[in-house]
Amino acid sequence: MAHLKAVQGRKAPATPPSRPLGLPGIAALALLLAGLGWLAGMVSLVQAALLLVGSGLGVVLYHAAFGFTSGWRRMIVERRGRGLRAQMLLLAVAVVLFFPPLASGTLFGHPVHGFVSPIGVSVVAGAFMFGLGMQLGGGCASGTLFTAGGGNARMVITLVFFIIGSVLATIHFDWWMSLPALAPVSLPETMGSANGIFLSLALFGVIALATLWLEKRRHGSVEASGGVLPSDRSRWLRGPWPLLLGALALALLNFATLALAGRPWGITSAFALWGAKGAAMIGFDPGSWAYWQDAGRAASLKEGIDHDVTSVMNIGIVLGAMVAASLAGRFAPNFRIPLRSVAAAVIGGLLLGYGARIAFGCNIGAYFSGIASGSLHGWVWMVFAFAGNMLGVRLRPFFFRAPYRPAVKGC
């Protein structure tokens, strides 16, 4: 990852000149402003605020290069745990913020609820598929959005097949739901807020200590955390940002989502919705599929995507990442993609989309927001998604003959 490095004994390099926003950045900013105006006038001020939160997420993800996929891959392949430790910090801050309002059911006087889902065969299978797809597709759900927005043409392929895989999963959704499963379990509800926070923080600490032990055993020392704040003001605009700062900012923006939307941040339900709307345009009837018989989903299928919280935030992530990439001077799509890399993007995208739907979420909805909601389903998802990543890193050499260097770092 591209992070600030302290070099002792050397004179600090001169501050590079600020870069202009560029045409892609101007276009993204114009679309963002137009979207804010449309949503504020035609939908609601809350929906406009959620678009702004989404754009903030896109900027943070890009500038901090916060990739769940790369963090897990480096732990598996290199025994470098900085990325995984940053994820533990992300989750620790989130549970401290989330558990009290979720236990009471209200936040700032408004009702809130978490993402708490059953634990069953579909979660195990879906999380494993998603983990495998992360390494083949080159990113997770958030990674796919921010890298595509940042100018990675290959990740656009992953995103297209992510959507297709999501639609396929909705066709089979009722079959997966018929398989054995345990009832949902929420730590704040069953243990209380304080006990749930204590247990969660203890588990995060154990995982962080395990990464330190494994890293020291392999390398004899621990990689720097990259936690130095930028001293150059222009760096706040053009990046890069410290990884730990990114973790803190993502946790706070997820909390803002909870306050505004009444539920945490999610991503992949919108992909199923976009795909279903696309399927309807070419003659299919997704409304007849069991997945869309749910009242809330049926309403989303009938409404425009500007009324869907997840869709609006996803669009914000893409636009925010595009602005960030333009400010960094790195928005330069490369359309010369090796055939095997295209194949990996197709297969990975399908696995990501299908796995996310049947596992009740992705690295954001199930892992980040699930664990932040106190759902045991989120912990089960993490274990089996990590196992899928372990298989994925073994398959990567077939698809990526040269060392993999993503166009947007962090994925």
# chains A, B, ... in the order shown; residues from 1 in each chain; ligands from 1
call {"tool": "residues_around", "arguments": {"residues": "range 136-153 of chain A", "least_positions_apart": "2", "cutoff": "7 Å", "atoms": "only C-alpha atoms", "output": "PyMOL selection string"}}
result
chain A and resi 58+61-62+67-69+132-134+155-156+158-159+267-268+317-319+321-322+325+331-335+344-345+348-349+362-363+392+396+407-408+411
call {"tool": "write_last_selection", "arguments": {"atoms": "C-alpha atoms", "output": "compact mmCIF listing (two decimals), in the first residue's frame"}}
result
# COMPACT_ATOMS: atom_id res chain seq x y z
CA GLY A 58 -15.31 6.81 -1.45
CA LEU A 61 -11.40 4.27 0.88
CA TYR A 62 -9.32 5.66 -1.98
CA GLY A 67 -8.62 -2.74 1.13
CA PHE A 68 -10.05 -5.71 3.00
CA THR A 69 -8.82 -8.05 0.25
CA LEU A 132 -12.66 -16.86 -3.03
CA GLY A 133 -14.16 -14.17 -5.25
CA MET A 134 -12.26 -11.44 -3.37
CA MET A 155 -12.69 -3.67 -11.71
CA VAL A 156 -15.55 -2.44 -13.88
CA THR A 158 -15.71 -7.38 -11.78
CA LEU A 159 -18.54 -5.00 -10.88
CA ILE A 267 -23.48 -2.35 -0.36
CA THR A 268 -24.54 -5.51 -2.17
CA ILE A 317 -18.73 5.97 -3.20
CA VAL A 318 -17.96 5.79 -6.93
CA LEU A 319 -18.16 9.56 -7.37
CA ALA A 321 -13.40 7.84 -5.34
CA MET A 322 -13.34 9.46 -8.79
CA ALA A 325 -8.30 9.76 -7.82
CA PHE A 331 -7.30 8.60 -12.75
CA ALA A 332 -5.94 6.88 -15.85
CA PRO A 333 -7.93 3.78 -16.90
CA ASN A 334 -5.90 1.06 -18.62
CA PHE A 335 -7.99 -0.99 -21.02
CA ALA A 344 -10.53 -13.92 -13.09
CA ALA A 345 -12.64 -10.75 -12.96
CA GLY A 348 -14.55 -13.50 -9.14
CA GLY A 349 -17.42 -11.11 -9.78
CA CYS A 362 -20.47 -8.87 2.06
CA ASN A 363 -17.35 -7.59 3.79
CA GLY A 392 -8.13 -17.77 -3.62
CA ARG A 396 -4.17 -16.41 -8.21
CA ALA A 407 -4.06 0.06 -10.69
CA VAL A 408 -5.56 1.40 -7.48
CA CYS A 411 -7.50 -3.88 -3.48
call {"tool": "atom_distance", "arguments": {"atom1": "CA of Arg394 in chain A", "atom2": "CA of Gln135 in chain A"}}
result
9.3 Å
call {"tool": "select_by_dssp", "arguments": {"residues": "range 115-352 of chain A", "states": "strand (DSSP E or B)", "output": "list in words"}}
result
Ile119, Gly120, Ala181, Leu182 and Ser186 of chain A
call {"tool": "write_last_selection", "arguments": {"atoms": "N, CA and C atoms", "output": "short mmCIF file (atom, residue, chain, number, x, y, z; two decimals), in the first residue's frame"}}
result
data_model
loop_
_atom_site.label_atom_id
_atom_site.label_comp_id
_atom_site.auth_asym_id
_atom_site.auth_seq_id
_atom_site.Cartn_x
_atom_site.Cartn_y
_atom_site.Cartn_z
N ILE A 119 -27.62 -17.89 11.22
CA ILE A 119 -26.35 -18.58 10.96
C ILE A 119 -26.69 -19.95 10.41
N GLY A 120 -26.36 -20.19 9.14
CA GLY A 120 -26.73 -21.47 8.54
C GLY A 120 -25.83 -21.86 7.40
N ALA A 181 -30.51 -23.73 9.52
CA ALA A 181 -29.94 -22.48 10.02
C ALA A 181 -30.37 -22.28 11.47
N LEU A 182 -29.51 -21.59 12.21
CA LEU A 182 -29.82 -21.21 13.59
C LEU A 182 -30.42 -19.81 13.61
N SER A 186 -27.92 -11.59 18.64
CA SER A 186 -27.36 -10.24 18.78
C SER A 186 -26.72 -10.10 20.15
#
call {"tool": "closest_residue", "arguments": {"among": "A:Ala372, A:Ile347, A:Ala385, A:Ala259", "to": "Phe130 in chain A", "atoms": "only C-alpha atoms"}}
result
A:Ala385
call {"tool": "closest_residue", "arguments": {"among": "A:Pro101, A:Pro20, A:Pro180, A:Gly275", "to": "Ser234 in chain A", "atoms": "only C-alpha atoms"}}
result
A:Pro20
call {"tool": "atom_distance", "arguments": {"atom1": "CA of Phe399 in chain A", "atom2": "CA of Ala65 in chain A"}}
result
23.1 Å
call {"tool": "select_by_dssp", "arguments": {"residues": "range 235-314 of chain A", "states": "alpha helix (DSSP H)", "output": "ChimeraX atom specification"}}
result
/A:235-238,243-261,269-281,295-302,309-314
call {"tool": "atom_distance", "arguments": {"atom1": "CA of Gly353 in chain A", "atom2": "CA of Ala94 in chain A"}}
result
25.2 Å
call {"tool": "closest_atom_pairs", "arguments": {"of": "range 52-98 of chain A", "to": "range 200-215 of chain A", "cutoff": "6 Å", "atoms": "only C-alpha atoms", "output": "Markdown table"}}
result
| residue | atom | partner | partner_atom | distance |
| --- | --- | --- | --- | --- |
| A:Arg79 | CA | A:Glu215 | CA | 5.2 |
| A:Arg80 | CA | A:Glu215 | CA | 5.6 |
| A:Gly81 | CA | A:Thr211 | CA | 5.2 |
| A:Arg85 | CA | A:Ala208 | CA | 5.3 |
| A:Met88 | CA | A:Phe204 | CA | 5.4 |
| A:Ala92 | CA | A:Leu201 | CA | 6.0 |
call {"tool": "write_last_selection", "arguments": {"atoms": "all heavy atoms", "output": "PDB file, in the first residue's frame"}}
result
ATOM      1  N   ARG A  79       2.411 -13.056   5.910  1.00  0.00           N
ATOM      2  CA  ARG A  79       2.325 -12.938   7.365  1.00  0.00           C
ATOM      3  C   ARG A  79       2.577 -11.494   7.812  1.00  0.00           C
ATOM      4  O   ARG A  79       3.168 -11.249   8.863  1.00  0.00           O
ATOM      5  CB  ARG A  79       3.319 -13.883   8.065  1.00  0.00           C
ATOM      6  CG  ARG A  79       2.976 -15.349   7.934  1.00  0.00           C
ATOM      7  CD  ARG A  79       1.654 -15.688   8.608  1.00  0.00           C
ATOM      8  NE  ARG A  79       1.407 -17.120   8.606  1.00  0.00           N
ATOM      9  CZ  ARG A  79       0.714 -17.775   7.660  1.00  0.00           C
ATOM     10  NH1 ARG A  79       0.209 -17.102   6.636  1.00  0.00           N
ATOM     11  NH2 ARG A  79       0.532 -19.066   7.735  1.00  0.00           N
ATOM     12  N   ARG A  80       2.097 -10.550   7.022  1.00  0.00           N
ATOM     13  CA  ARG A  80       2.117  -9.144   7.395  1.00  0.00           C
ATOM     14  C   ARG A  80       0.712  -8.761   7.828  1.00  0.00           C
ATOM     15  O   ARG A  80      -0.237  -8.870   7.056  1.00  0.00           O
ATOM     16  CB  ARG A  80       2.564  -8.270   6.217  1.00  0.00           C
ATOM     17  CG  ARG A  80       4.036  -8.373   5.877  1.00  0.00           C
ATOM     18  CD  ARG A  80       4.906  -7.834   7.007  1.00  0.00           C
ATOM     19  NE  ARG A  80       6.317  -7.708   6.609  1.00  0.00           N
ATOM     20  CZ  ARG A  80       7.295  -7.396   7.450  1.00  0.00           C
ATOM     21  NH1 ARG A  80       7.028  -7.191   8.738  1.00  0.00           N
ATOM     22  NH2 ARG A  80       8.542  -7.290   7.030  1.00  0.00           N
ATOM     23  N   GLY A  81       0.564  -8.318   9.076  1.00  0.00           N
ATOM     24  CA  GLY A  81      -0.770  -8.148   9.649  1.00  0.00           C
ATOM     25  C   GLY A  81      -1.254  -6.723   9.800  1.00  0.00           C
ATOM     26  O   GLY A  81      -2.269  -6.494  10.459  1.00  0.00           O
ATOM     27  N   ARG A  85      -4.863  -5.731  11.331  1.00  0.00           N
ATOM     28  CA  ARG A  85      -4.937  -4.982  12.598  1.00  0.00           C
ATOM     29  C   ARG A  85      -5.740  -3.693  12.420  1.00  0.00           C
ATOM     30  O   ARG A  85      -6.477  -3.284  13.323  1.00  0.00           O
ATOM     31  CB  ARG A  85      -3.524  -4.676  13.111  1.00  0.00           C
ATOM     32  CG  ARG A  85      -2.791  -5.901  13.646  1.00  0.00           C
ATOM     33  CD  ARG A  85      -1.518  -5.530  14.384  1.00  0.00           C
ATOM     34  NE  ARG A  85      -0.483  -4.981  13.510  1.00  0.00           N
ATOM     35  CZ  ARG A  85       0.371  -5.713  12.810  1.00  0.00           C
ATOM     36  NH1 ARG A  85       0.332  -7.039  12.866  1.00  0.00           N
ATOM     37  NH2 ARG A  85       1.302  -5.141  12.068  1.00  0.00           N
ATOM     38  N   MET A  88      -9.260  -4.590  12.756  1.00  0.00           N
ATOM     39  CA  MET A  88      -9.658  -4.778  14.153  1.00  0.00           C
ATOM     40  C   MET A  88      -9.916  -3.433  14.826  1.00  0.00           C
ATOM     41  O   MET A  88     -10.841  -3.298  15.635  1.00  0.00           O
ATOM     42  CB  MET A  88      -8.591  -5.564  14.913  1.00  0.00           C
ATOM     43  CG  MET A  88      -8.410  -7.008  14.449  1.00  0.00           C
ATOM     44  SD  MET A  88      -9.949  -7.983  14.485  1.00  0.00           S
ATOM     45  CE  MET A  88     -10.359  -8.052  12.716  1.00  0.00           C
ATOM     46  N   ALA A  92     -13.393  -2.277  16.401  1.00  0.00           N
ATOM     47  CA  ALA A  92     -13.418  -1.876  17.812  1.00  0.00           C
ATOM     48  C   ALA A  92     -14.120  -0.533  17.984  1.00  0.00           C
ATOM     49  O   ALA A  92     -14.977  -0.378  18.865  1.00  0.00           O
ATOM     50  CB  ALA A  92     -11.990  -1.809  18.350  1.00  0.00           C
TER      51      ALA A  92
END
